[in-house]
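S.K.: What follows is the file start00.tsv, containing TSV, C-alpha atoms:
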```
chain	number	residue	atom	x	y	z
V	225	MET	CA	-146.31	-138.45	-69.24
V	226	ASN	CA	-147.19	-141.96	-68.24
V	227	ASN	CA	-148.72	-141.09	-64.90
V	228	PHE	CA	-151.48	-139.11	-66.51
V	229	ASN	CA	-153.40	-141.88	-68.10
V	230	ASN	CA	-156.84	-141.87	-69.61
V	231	LYS	CA	-158.42	-143.23	-66.44
V	232	ILE	CA	-157.14	-140.41	-64.24
V	233	ASP	CA	-158.30	-137.91	-66.84
V	234	HIS	CA	-161.75	-139.49	-66.81
V	235	LEU	CA	-161.93	-139.59	-62.99
V	236	LEU	CA	-160.76	-135.99	-62.68
V	237	ALA	CA	-163.46	-134.84	-65.04
V	238	ASN	CA	-166.29	-136.70	-63.30
V	239	TYR	CA	-165.62	-137.60	-59.65
V	240	SER	CA	-164.36	-135.93	-56.52
V	241	PHE	CA	-161.78	-137.77	-54.48
V	242	ASP	CA	-164.37	-138.77	-51.84
V	243	GLN	CA	-166.56	-140.36	-54.49
V	244	LEU	CA	-163.81	-142.66	-55.66
V	245	GLY	CA	-163.52	-146.31	-54.69
V	246	ASP	CA	-160.57	-147.65	-52.74
V	247	GLN	CA	-158.86	-149.09	-55.78
V	248	ASP	CA	-159.13	-145.84	-57.70
V	249	LYS	CA	-157.93	-143.85	-54.71
V	250	GLN	CA	-154.92	-146.12	-54.42
V	251	MET	CA	-154.20	-145.87	-58.10
V	252	ILE	CA	-154.40	-142.08	-58.04
V	253	GLN	CA	-152.27	-141.78	-54.92
V	254	GLU	CA	-149.53	-143.67	-56.72
V	255	HIS	CA	-149.28	-140.71	-59.08
V	256	ILE	CA	-150.59	-137.59	-57.34
V	257	SER	CA	-151.61	-136.68	-53.81
V	258	GLU	CA	-155.20	-136.19	-52.67
V	259	ALA	CA	-154.66	-132.42	-52.43
V	260	GLU	CA	-153.28	-132.32	-55.95
V	261	TYR	CA	-156.25	-134.33	-57.21
V	262	GLU	CA	-158.70	-131.94	-55.61
V	263	MET	CA	-156.84	-128.92	-56.93
V	264	HIS	CA	-156.78	-130.39	-60.42
V	265	GLN	CA	-160.49	-131.05	-60.18
V	266	ASN	CA	-161.18	-127.49	-59.06
V	267	ILE	CA	-159.19	-126.16	-61.98
V	268	ILE	CA	-160.99	-128.38	-64.46
V	269	SER	CA	-164.44	-127.50	-63.18
V	270	ALA	CA	-163.57	-123.79	-62.96
V	271	ALA	CA	-162.11	-123.87	-66.45
V	272	GLY	CA	-165.29	-125.50	-67.73
V	273	SER	CA	-167.51	-122.91	-66.13
V	274	THR	CA	-165.15	-120.07	-67.15
V	275	GLY	CA	-165.37	-121.41	-70.65
V	276	LYS	CA	-169.12	-121.06	-70.53
V	277	GLN	CA	-169.47	-117.89	-68.50
V	278	ASN	CA	-168.70	-114.35	-69.59
V	279	LEU	CA	-168.66	-115.32	-73.21
V	280	PRO	CA	-169.77	-112.73	-75.73
V	281	THR	CA	-172.72	-113.43	-77.98
V	282	LEU	CA	-172.11	-114.09	-81.61
V	283	PRO	CA	-172.23	-110.77	-83.52
V	284	PRO	CA	-175.29	-110.69	-85.83
V	285	HIS	CA	-173.40	-109.11	-88.71
V	286	LEU	CA	-171.18	-112.18	-88.90
V	287	LYS	CA	-173.84	-114.35	-90.43
V	288	SER	CA	-174.99	-111.74	-92.94
V	289	ASN	CA	-171.38	-111.12	-94.00
V	290	LEU	CA	-170.73	-114.80	-94.40
V	291	THR	CA	-173.99	-115.36	-96.31
V	292	LYS	CA	-173.05	-112.60	-98.76
V	293	SER	CA	-169.57	-113.93	-99.32
V	294	PHE	CA	-170.92	-117.46	-99.71
V	295	GLN	CA	-173.44	-116.30	-102.33
V	296	ASN	CA	-170.73	-114.37	-104.18
V	297	ARG	CA	-168.54	-117.41	-104.22
V	298	ILE	CA	-171.34	-119.62	-105.50
V	299	GLN	CA	-172.20	-117.09	-108.21
V	300	SER	CA	-168.61	-116.90	-109.30
V	301	ARG	CA	-168.64	-120.67	-109.59
V	302	ARG	CA	-171.95	-120.84	-111.46
V	303	PRO	CA	-171.65	-119.40	-114.94
V	304	SER	CA	-174.49	-117.06	-115.96
V	305	LEU	CA	-177.08	-117.93	-118.63
V	306	LEU	CA	-175.50	-115.55	-121.12
V	307	LYS	CA	-172.13	-117.17	-120.55
V	308	LYS	CA	-173.68	-120.59	-121.03
V	309	THR	CA	-175.37	-119.53	-124.29
V	310	LEU	CA	-172.18	-117.98	-125.60
V	311	LYS	CA	-170.25	-121.09	-124.74
V	312	ALA	CA	-172.77	-123.33	-126.51
V	313	ALA	CA	-172.78	-121.07	-129.60
V	314	SER	CA	-169.01	-121.02	-129.79
V	315	TRP	CA	-168.85	-124.81	-129.56
V	316	LEU	CA	-171.47	-125.12	-132.30
V	317	LEU	CA	-169.48	-122.75	-134.51
V	318	ILE	CA	-166.28	-124.68	-133.95
V	319	GLY	CA	-168.09	-127.95	-134.71
V	320	GLY	CA	-169.56	-126.53	-137.94
V	321	LEU	CA	-166.19	-125.27	-139.10
V	322	ILE	CA	-164.57	-128.63	-138.45
V	323	GLY	CA	-167.37	-130.42	-140.37
V	324	PHE	CA	-167.07	-128.05	-143.31
V	325	PHE	CA	-163.34	-128.49	-143.46
V	326	TYR	CA	-163.59	-132.29	-143.50
V	327	SER	CA	-166.30	-132.36	-146.18
V	328	ASN	CA	-164.13	-130.30	-148.57
V	329	TYR	CA	-160.92	-131.91	-147.55
V	330	ASP	CA	-160.38	-134.18	-150.65
V	331	THR	CA	-160.96	-131.55	-153.33
V	332	GLU	CA	-158.81	-129.07	-151.50
V	333	LEU	CA	-156.11	-131.65	-151.27
V	334	THR	CA	-156.03	-132.36	-155.06
V	335	ASP	CA	-156.00	-128.64	-155.83
V	336	THR	CA	-153.09	-128.10	-153.60
V	337	ASN	CA	-151.23	-131.03	-155.21
V	338	TYR	CA	-151.77	-129.56	-158.67
V	339	GLN	CA	-150.56	-126.22	-157.52
V	340	LYS	CA	-147.54	-127.85	-156.06
V	341	SER	CA	-146.64	-129.69	-159.34
V	342	SER	CA	-147.04	-126.59	-161.53
V	343	ALA	CA	-144.94	-124.49	-159.30
V	344	ILE	CA	-141.33	-123.86	-160.18
V	345	SER	CA	-139.28	-126.33	-158.40
V	346	ILE	CA	-136.11	-125.08	-157.01
V	347	THR	CA	-133.43	-127.68	-156.89
V	348	ASP	CA	-130.01	-127.41	-155.55
V	349	THR	CA	-127.08	-129.73	-155.99
V	350	ILE	CA	-124.95	-130.53	-153.12
V	351	TYR	CA	-121.50	-131.91	-153.66
V	352	ILE	CA	-119.91	-133.79	-150.96
V	353	THR	CA	-116.19	-134.08	-151.09
V	354	GLN	CA	-114.70	-136.77	-149.08
V	355	ILE	CA	-110.98	-136.99	-148.71
V	356	ASP	CA	-109.37	-140.22	-147.75
V	357	THR	CA	-105.82	-141.43	-147.59
V	358	ILE	CA	-104.96	-144.91	-148.75
V	359	ILE	CA	-101.62	-146.37	-147.90
V	360	LYS	CA	-100.58	-149.39	-149.95
V	361	THR	CA	-97.71	-151.47	-148.90
V	362	ILE	CA	-96.12	-153.55	-151.60
V	363	GLU	CA	-93.90	-156.26	-150.47
V	364	SER	CA	-91.51	-158.05	-152.76
V	365	LYS	CA	-88.71	-160.45	-152.36
V	366	PRO	CA	-85.41	-158.73	-151.76
V	367	LYS	CA	-83.02	-158.79	-154.61
V	368	VAL	CA	-79.64	-159.86	-153.53
V	369	ILE	CA	-76.78	-158.46	-155.48
V	370	ILE	CA	-73.61	-160.14	-154.87
V	371	LYS	CA	-70.76	-158.01	-155.71
V	372	GLU	CA	-67.84	-160.11	-156.55
V	373	LEU	CA	-64.53	-158.58	-156.76
V	374	ILE	CA	-62.35	-160.62	-158.88
V	375	LYS	CA	-58.81	-159.85	-159.03
V	376	VAL	CA	-57.21	-161.15	-162.12
V	377	THR	CA	-53.54	-161.20	-162.48
V	378	ASP	CA	-51.91	-161.95	-165.64
V	379	ASN	CA	-49.85	-164.76	-164.46
V	380	LYS	CA	-47.29	-165.62	-167.00
V	381	VAL	CA	-45.09	-168.37	-166.02
V	382	PRO	CA	-41.62	-167.26	-166.81
V	383	SER	CA	-39.87	-169.35	-169.25
V	384	PRO	CA	-36.90	-171.06	-167.91
V	385	THR	CA	-34.83	-169.57	-170.60
V	386	LEU	CA	-35.16	-166.04	-169.44
V	387	ASN	CA	-32.93	-164.82	-166.68
V	388	THR	CA	-35.06	-161.99	-165.55
V	389	PRO	CA	-38.71	-162.62	-164.88
V	390	ILE	CA	-41.25	-160.23	-166.29
V	391	GLN	CA	-43.12	-158.73	-163.45
V	392	THR	CA	-46.50	-157.60	-164.47
V	393	ASN	CA	-47.74	-157.46	-160.99
V	394	PRO	CA	-45.81	-155.35	-158.60
V	395	MET	CA	-46.90	-157.54	-155.81
V	396	ALA	CA	-45.31	-160.51	-157.35
V	397	SER	CA	-42.37	-161.88	-155.49
V	398	THR	CA	-39.40	-163.62	-156.62
V	399	SER	CA	-39.12	-166.13	-153.94
V	400	ASN	CA	-39.86	-169.80	-154.38
V	401	GLN	CA	-42.84	-169.57	-152.18
V	402	ASP	CA	-44.26	-166.83	-154.32
V	403	GLU	CA	-43.75	-168.87	-157.31
V	404	ALA	CA	-45.66	-171.71	-155.84
V	405	SER	CA	-48.52	-169.46	-155.01
V	406	GLN	CA	-48.49	-167.97	-158.43
V	407	ILE	CA	-48.82	-171.39	-159.88
V	408	GLU	CA	-51.78	-172.10	-157.66
V	409	SER	CA	-53.49	-168.89	-158.57
V	410	SER	CA	-52.94	-169.44	-162.25
V	411	ASN	CA	-54.56	-172.75	-161.87
V	412	TYR	CA	-57.47	-171.11	-160.14
V	413	PHE	CA	-57.99	-168.53	-162.83
V	414	ASN	CA	-57.85	-171.11	-165.46
V	415	ASN	CA	-61.01	-172.60	-163.95
V	416	VAL	CA	-62.97	-169.30	-164.02
V	417	GLU	CA	-65.34	-168.93	-166.90
V	418	LEU	CA	-64.66	-166.24	-169.44
V	419	THR	CA	-68.00	-164.51	-168.94
V	420	ASP	CA	-67.09	-163.69	-165.36
V	421	LEU	CA	-64.03	-161.97	-166.47
V	422	THR	CA	-65.55	-159.56	-168.93
V	423	ASN	CA	-65.72	-156.63	-166.51
V	424	THR	CA	-62.51	-157.14	-164.87
V	425	LYS	CA	-59.39	-155.37	-165.55
V	426	ILE	CA	-56.14	-156.24	-164.27
V	427	GLY	CA	-54.54	-154.17	-161.60
V	428	ILE	CA	-57.41	-151.63	-161.22
V	429	THR	CA	-59.64	-151.41	-158.15
V	430	VAL	CA	-63.38	-151.15	-158.54
V	431	GLY	CA	-63.51	-147.65	-157.11
V	432	GLN	CA	-61.27	-146.45	-159.84
V	433	GLU	CA	-63.42	-147.85	-162.62
V	434	ALA	CA	-65.94	-145.14	-163.55
V	435	ASP	CA	-68.29	-147.26	-165.61
V	436	LEU	CA	-68.56	-149.87	-162.97
V	437	MET	CA	-69.16	-147.29	-160.29
V	438	GLU	CA	-71.89	-145.70	-162.36
V	439	LEU	CA	-73.59	-149.02	-162.68
V	440	LEU	CA	-73.33	-149.60	-158.98
V	441	GLN	CA	-74.74	-146.22	-158.14
V	442	LEU	CA	-77.82	-146.77	-160.30
V	443	MET	CA	-78.67	-149.88	-158.39
V	444	PRO	CA	-81.20	-149.15	-155.57
V	445	SER	CA	-79.73	-149.85	-152.25
V	446	ASP	CA	-82.87	-151.38	-150.73
V	447	GLY	CA	-83.39	-153.81	-153.50
V	448	LEU	CA	-86.94	-152.58	-154.28
V	449	GLU	CA	-88.02	-151.30	-157.63
G	147	MET	CA	-170.22	-130.78	-97.09
G	148	THR	CA	-171.20	-132.26	-100.42
G	149	LEU	CA	-174.23	-129.99	-100.48
G	150	LEU	CA	-172.08	-127.05	-99.49
G	151	ALA	CA	-169.72	-127.81	-102.35
G	152	LYS	CA	-172.72	-127.78	-104.70
G	153	GLY	CA	-173.67	-124.35	-103.37
G	154	SER	CA	-176.59	-125.22	-101.12
G	155	GLU	CA	-177.48	-122.28	-98.91
G	156	GLY	CA	-179.32	-124.62	-96.56
G	157	ALA	CA	-176.11	-126.54	-95.99
G	158	PHE	CA	-174.33	-123.32	-95.22
G	159	ASN	CA	-177.02	-122.31	-92.68
G	160	GLU	CA	-176.78	-125.71	-91.00
G	161	LEU	CA	-173.02	-125.50	-90.80
G	162	TYR	CA	-173.20	-122.00	-89.38
G	163	ALA	CA	-175.78	-123.01	-86.77
G	164	ARG	CA	-173.68	-125.95	-85.63
G	165	TYR	CA	-170.24	-124.47	-85.47
G	166	ALA	CA	-170.23	-120.68	-85.62
G	167	GLU	CA	-170.86	-119.99	-81.95
G	168	SER	CA	-168.49	-122.60	-80.56
G	169	LEU	CA	-165.75	-121.52	-82.94
G	170	TYR	CA	-166.34	-117.86	-82.12
G	171	HIS	CA	-165.97	-118.66	-78.42
G	172	PHE	CA	-162.91	-120.78	-79.11
G	173	PHE	CA	-161.27	-117.87	-80.89
G	174	TYR	CA	-162.38	-115.53	-78.11
G	175	LYS	CA	-160.72	-117.73	-75.47
G	176	MET	CA	-157.62	-118.35	-77.51
G	177	LEU	CA	-157.08	-114.83	-78.79
G	178	TYR	CA	-156.83	-112.58	-75.78
G	179	GLN	CA	-160.60	-112.40	-75.02
G	180	ASN	CA	-160.96	-109.93	-77.80
G	181	GLU	CA	-164.41	-109.96	-79.45
G	182	GLU	CA	-163.34	-108.25	-82.66
G	183	PHE	CA	-160.45	-110.62	-83.09
G	184	ALA	CA	-162.75	-113.56	-82.51
G	185	ALA	CA	-165.33	-112.30	-85.04
G	186	ASP	CA	-162.68	-111.65	-87.71
G	187	PHE	CA	-161.09	-115.02	-87.20
G	188	CYS	CA	-164.44	-116.78	-87.26
G	189	GLN	CA	-165.34	-115.08	-90.54
G	190	ASN	CA	-161.97	-115.95	-92.05
G	191	LEU	CA	-162.36	-119.52	-90.96
G	192	PHE	CA	-165.72	-119.88	-92.72
G	193	MET	CA	-164.24	-118.32	-95.83
G	194	LYS	CA	-161.51	-120.95	-95.73
G	195	VAL	CA	-164.14	-123.64	-95.38
G	196	PHE	CA	-165.82	-122.34	-98.58
G	197	GLU	CA	-162.48	-122.32	-100.38
G	198	LYS	CA	-161.35	-125.75	-99.24
G	199	VAL	CA	-164.72	-127.47	-99.33
G	200	ASP	CA	-163.57	-129.64	-102.26
G	201	SER	CA	-160.44	-130.78	-100.43
G	202	TYR	CA	-162.35	-132.09	-97.40
G	203	ASP	CA	-161.95	-135.84	-96.95
G	204	VAL	CA	-165.20	-137.47	-95.84
G	205	GLN	CA	-163.25	-140.12	-93.90
G	206	TYR	CA	-162.38	-137.58	-91.21
G	207	LYS	CA	-164.68	-135.93	-88.71
G	208	PHE	CA	-165.82	-132.52	-89.87
G	209	SER	CA	-165.46	-131.04	-86.37
G	210	THR	CA	-161.83	-132.22	-86.20
G	211	TRP	CA	-161.16	-130.76	-89.64
G	212	ILE	CA	-162.64	-127.37	-88.82
G	213	TYR	CA	-160.99	-127.20	-85.38
G	214	THR	CA	-157.65	-128.09	-86.95
G	215	MET	CA	-157.98	-125.09	-89.23
G	216	ALA	CA	-159.03	-122.92	-86.29
G	217	SER	CA	-156.11	-123.98	-84.10
G	218	ASN	CA	-153.69	-123.46	-86.99
G	219	MET	CA	-155.04	-119.94	-87.39
G	220	CYS	CA	-154.48	-119.33	-83.67
G	221	LYS	CA	-150.92	-120.66	-83.90
G	222	ASN	CA	-150.21	-118.36	-86.84
G	223	GLU	CA	-151.65	-115.42	-84.92
G	224	TYR	CA	-149.45	-116.18	-81.92
G	225	ARG	CA	-146.41	-116.34	-84.13
G	226	ARG	CA	-147.32	-113.10	-85.88
G	227	ASN	CA	-148.10	-111.14	-82.75
G	228	SER	CA	-145.91	-112.86	-80.19
G	229	ARG	CA	-144.62	-109.47	-79.06
G	230	LYS	CA	-147.80	-107.49	-79.51
G	231	ARG	CA	-150.30	-109.18	-77.23
G	232	PRO	CA	-152.96	-106.77	-76.13
G	233	THR	CA	-153.25	-106.15	-72.41
G	234	ILE	CA	-156.17	-107.95	-70.84
G	235	TYR	CA	-157.90	-106.19	-68.05
G	236	LEU	CA	-159.36	-109.17	-66.30
G	237	ASP	CA	-160.50	-107.32	-63.19
G	238	GLN	CA	-163.09	-105.50	-65.31
G	239	LYS	CA	-164.95	-108.75	-65.68
G	240	ILE	CA	-165.48	-109.34	-61.99
G	241	ASN	CA	-168.88	-108.10	-61.06
G	242	ILE	CA	-168.71	-107.46	-57.34
G	243	THR	CA	-171.35	-104.80	-57.14
G	244	GLU	CA	-174.10	-107.35	-56.72
G	245	PRO	CA	-174.46	-108.84	-53.29
G	246	GLN	CA	-173.02	-112.36	-53.40
G	247	ALA	CA	-172.31	-115.09	-50.98
G	248	PRO	CA	-168.65	-115.31	-49.85
G	249	LYS	CA	-168.27	-118.67	-51.54
G	250	LYS	CA	-169.42	-117.24	-54.87
G	251	ILE	CA	-166.96	-114.37	-54.54
G	252	ASP	CA	-164.15	-116.85	-53.82
G	253	GLN	CA	-165.20	-118.84	-56.85
G	254	ASP	CA	-165.18	-115.72	-59.01
G	255	ILE	CA	-161.76	-114.70	-57.77
G	256	PHE	CA	-160.48	-118.20	-58.42
G	257	GLN	CA	-161.93	-118.20	-61.94
G	258	THR	CA	-160.47	-114.78	-62.68
G	259	HIS	CA	-157.04	-115.87	-61.60
G	260	LEU	CA	-157.45	-119.12	-63.46
G	261	GLN	CA	-158.26	-117.21	-66.64
G	262	GLU	CA	-155.24	-115.03	-66.06
G	263	ALA	CA	-153.06	-118.10	-65.53
G	264	ILE	CA	-154.47	-119.74	-68.69
G	265	ASN	CA	-153.64	-116.62	-70.67
G	266	LYS	CA	-150.07	-116.79	-69.45
G	267	LEU	CA	-149.64	-120.33	-70.76
G	268	ASP	CA	-147.64	-120.92	-73.89
G	269	GLU	CA	-149.50	-121.53	-77.12
G	270	LYS	CA	-149.28	-125.34	-77.17
G	271	HIS	CA	-150.33	-125.92	-73.56
G	272	LYS	CA	-153.07	-123.32	-73.78
G	273	LEU	CA	-154.48	-124.89	-76.93
G	274	CYS	CA	-154.53	-128.37	-75.37
G	275	PHE	CA	-156.08	-127.12	-72.15
G	276	ILE	CA	-158.84	-125.08	-73.83
G	277	LEU	CA	-159.68	-127.84	-76.30
G	278	ARG	CA	-159.86	-130.46	-73.55
G	279	TYR	CA	-161.49	-128.67	-70.62
G	280	GLN	CA	-163.37	-125.82	-72.26
G	281	GLU	CA	-164.31	-127.19	-75.66
G	282	GLY	CA	-164.78	-130.73	-74.34
G	283	LYS	CA	-162.71	-132.47	-77.03
G	284	SER	CA	-161.36	-135.94	-76.36
G	285	ILE	CA	-157.64	-136.62	-76.13
G	286	SER	CA	-157.71	-138.60	-79.37
G	287	ASP	CA	-159.50	-135.73	-81.14
G	288	ILE	CA	-156.96	-133.23	-79.84
G	289	SER	CA	-154.06	-135.40	-80.93
G	290	GLU	CA	-155.61	-135.66	-84.38
G	291	LEU	CA	-156.35	-131.99	-84.82
G	292	LEU	CA	-152.99	-130.87	-83.41
G	293	ASP	CA	-151.26	-133.61	-85.39
G	294	CYS	CA	-149.30	-134.94	-82.41
G	295	PRO	CA	-149.32	-138.24	-80.47
G	296	GLN	CA	-151.84	-138.82	-77.68
G	297	GLY	CA	-149.01	-139.18	-75.19
G	298	THR	CA	-147.89	-135.65	-76.00
G	299	VAL	CA	-151.41	-134.32	-75.42
G	300	LYS	CA	-151.65	-136.12	-72.06
G	301	SER	CA	-148.25	-134.85	-71.03
G	302	ARG	CA	-149.16	-131.30	-71.96
G	303	LEU	CA	-152.44	-131.52	-70.05
G	304	HIS	CA	-150.75	-132.94	-66.97
G	305	ASN	CA	-148.02	-130.29	-67.02
G	306	THR	CA	-150.60	-127.55	-67.47
G	307	LEU	CA	-152.65	-128.80	-64.53
G	308	ARG	CA	-149.60	-128.96	-62.29
G	309	LYS	CA	-148.49	-125.50	-63.33
G	310	LEU	CA	-151.93	-124.02	-62.75
G	311	SER	CA	-152.19	-125.82	-59.39
G	312	LYS	CA	-148.99	-124.19	-58.22
G	313	GLU	CA	-150.06	-120.75	-59.39
G	314	LEU	CA	-153.58	-120.96	-58.01
G	315	TYR	CA	-152.79	-122.71	-54.75
G	316	LEU	CA	-153.49	-119.60	-52.68
G	317	PHE	CA	-156.80	-118.95	-54.44
G	318	ASP	CA	-158.27	-122.38	-53.93
G	319	PRO	CA	-161.87	-121.69	-52.80
G	320	LYS	CA	-161.88	-124.66	-50.40
G	321	LYS	CA	-158.80	-123.48	-48.63
G	322	ILE	CA	-160.08	-119.88	-48.42
G	323	THR	CA	-163.38	-121.12	-46.93
G	324	ASN	CA	-161.52	-123.31	-44.45
G	325	ARG	CA	-159.33	-120.37	-43.44
G	326	ILE	CA	-162.39	-118.20	-42.79
```
Hey, can you dump this file as structure tokens for me?
M.R.:
Amino acid sequence: MNNFNNKIDHLLANYSFDQLGDQDKQMIQEHISEAEYEMHQNIISAAGSTGKQNLPTLPPHLKSNLTKSFQNRIQSRRPSLLKKTLKAASWLLIGGLIGFFYSNYDTELTDTNYQKSSAISITDTIYITQIDTIIKTIESKPKVIIKELIKVTDNKVPSPTLNTPIQTNPMASTSNQDEASQIESSNYFNNVELTDLTNTKIGITVGQEADLMELLQLMPSDGLE
Amino acid sequence: MTLLAKGSEGAFNELYARYAESLYHFFYKMLYQNEEFAADFCQNLFMKVFEKVDSYDVQYKFSTWIYTMASNMCKNEYRRNSRKRPTIYLDQKINITEPQAPKKIDQDIFQTHLQEAINKLDEKHKLCFILRYQEGKSISDISELLDCPQGTVKSRLHNTLRKLSKELYLFDPKKITNRI
């Protein structure tokens, strides 16, 4: 509350409205009326005197109770002489034990090492099996097999003396055109080397030739070996 | 406090002499004008002081520290027994058997009704009012020990005064005297 400032509080506690100066009166009347001021002052003074009057006296047992509890608390905080002595003795004992242990530390250590070396050592072998898969890719140049089907016809040029031509090939024709072609083909075959003609047979397809088929079947299809 | 922490009985006696009575009266005013309550609370408060003596910060005022603990104890008590407040028979305290001047009687009646009105106040307003006008604490001290801004303390005090003025308007001794 803004209208209840420290100054009003101070004036209320110390001065009646009549005792106030004009400025203070004006300032107070901006916030509360004269009647309110006087009423507030009455309340404050009455509260102060009520706060001092009719108050009971401090019970005498209160101090004795508090003194006892204070002494108990202090005693519980202060350790007794026996406790102190016991504490000191225990610390001395602990210190002595630690000193004794450190003075005999080296010899004890060598003894323990000797005991360790003479003891039966238990060893165990551990095998670790590690399985791994290696994939090796071998690349090679492809082998190209050229299968060449050579059809060889026994082209015998009929002698002009014979009336009937000998037909070795059923496909052979008797016309003049056929004759011309036969002549051409005979010329062609004459140019073929003999080594190329070793596996050829006249008038038989490759599928019908068992040996040749066997050879072809043995050949890997992918060209890798 | 340092001496108290070390276990000095002299320090304890000094502390008791300075604060015991005012704190006992504070508890008496705050806790239903019950003497037993006030004595128990005062004892508990000193026990707390013994327990927390190490946690006291020398930077702060000791009176603020101890009154903070006391007001917290009152708050806790109000919360615990908000529905079990003992009945206060205020009229027993008016001593009208002795011959008194009419003005004194008016003053007594006014004070009795004032006390009754103070008791009716809620915990926060009552605490502020008692600390300010009965225990004589400053507004800054109250704000520190109640852990609230000074503006809040002023506002509470102003509201309390207005409320009490309304309730006690008819019992104003000046008005009664004027009427007679």
S.K.: Counting only C-alpha atoms, what are the residues of chain V within 7 Å of chain G, and for each of them which pair of atoms is the nearest and at what distance in Å, to one decimal? Sort the table by chain and rising number, as CSV.
M.R.:
```
residue,atom,partner,partner_atom,distance
V:Met225,CA,G:Ser301,CA,4.5
V:Phe228,CA,G:His304,CA,6.2
V:Met263,CA,G:Ser311,CA,6.1
V:His264,CA,G:Leu307,CA,6.0
V:Ile268,CA,G:Tyr279,CA,6.2
V:Ala270,CA,G:Gln257,CA,5.9
V:Ala271,CA,G:Gln280,CA,6.3
V:Gly272,CA,G:Gln280,CA,4.9
V:Thr274,CA,G:Gln257,CA,6.4
V:Gly275,CA,G:Gln280,CA,5.1
V:Leu279,CA,G:His171,CA,6.7
V:Leu282,CA,G:Glu167,CA,6.0
V:Leu286,CA,G:Gln189,CA,6.7
V:Leu290,CA,G:Gln189,CA,6.6
V:Ile298,CA,G:Gly153,CA,5.7
```
S.K.: State, in Å with one decimal place, the distance from CA of Val204 (chain G) to CA of Lys221 (chain G).
M.R.: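 For CA of Val204 (chain G) relative to CA of Lys221 (chain G), the distance reads 25.1 Å.
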S.K.: Would you mind reading off the distance between CA of Lys198 (chain G) and CA of Leu292 (chain G), one decimal, in Å?
M.R.: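 Separating CA of Lys198 (chain G) from CA of Leu292 (chain G) is a distance of 18.6 Å.
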S.K.: Provide the CA of Phe173 (chain G) to CA of Cys220 (chain G) distance in Å, to one decimal place.
M.R.: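 The value is 7.5 Å.
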S.K.: I'd like to know which of G:Glu313, G:Phe183, G:Ser284, G:Val195 is closest to Glu262 (chain G), using only C-alpha atoms.
M.R.: G:Glu313
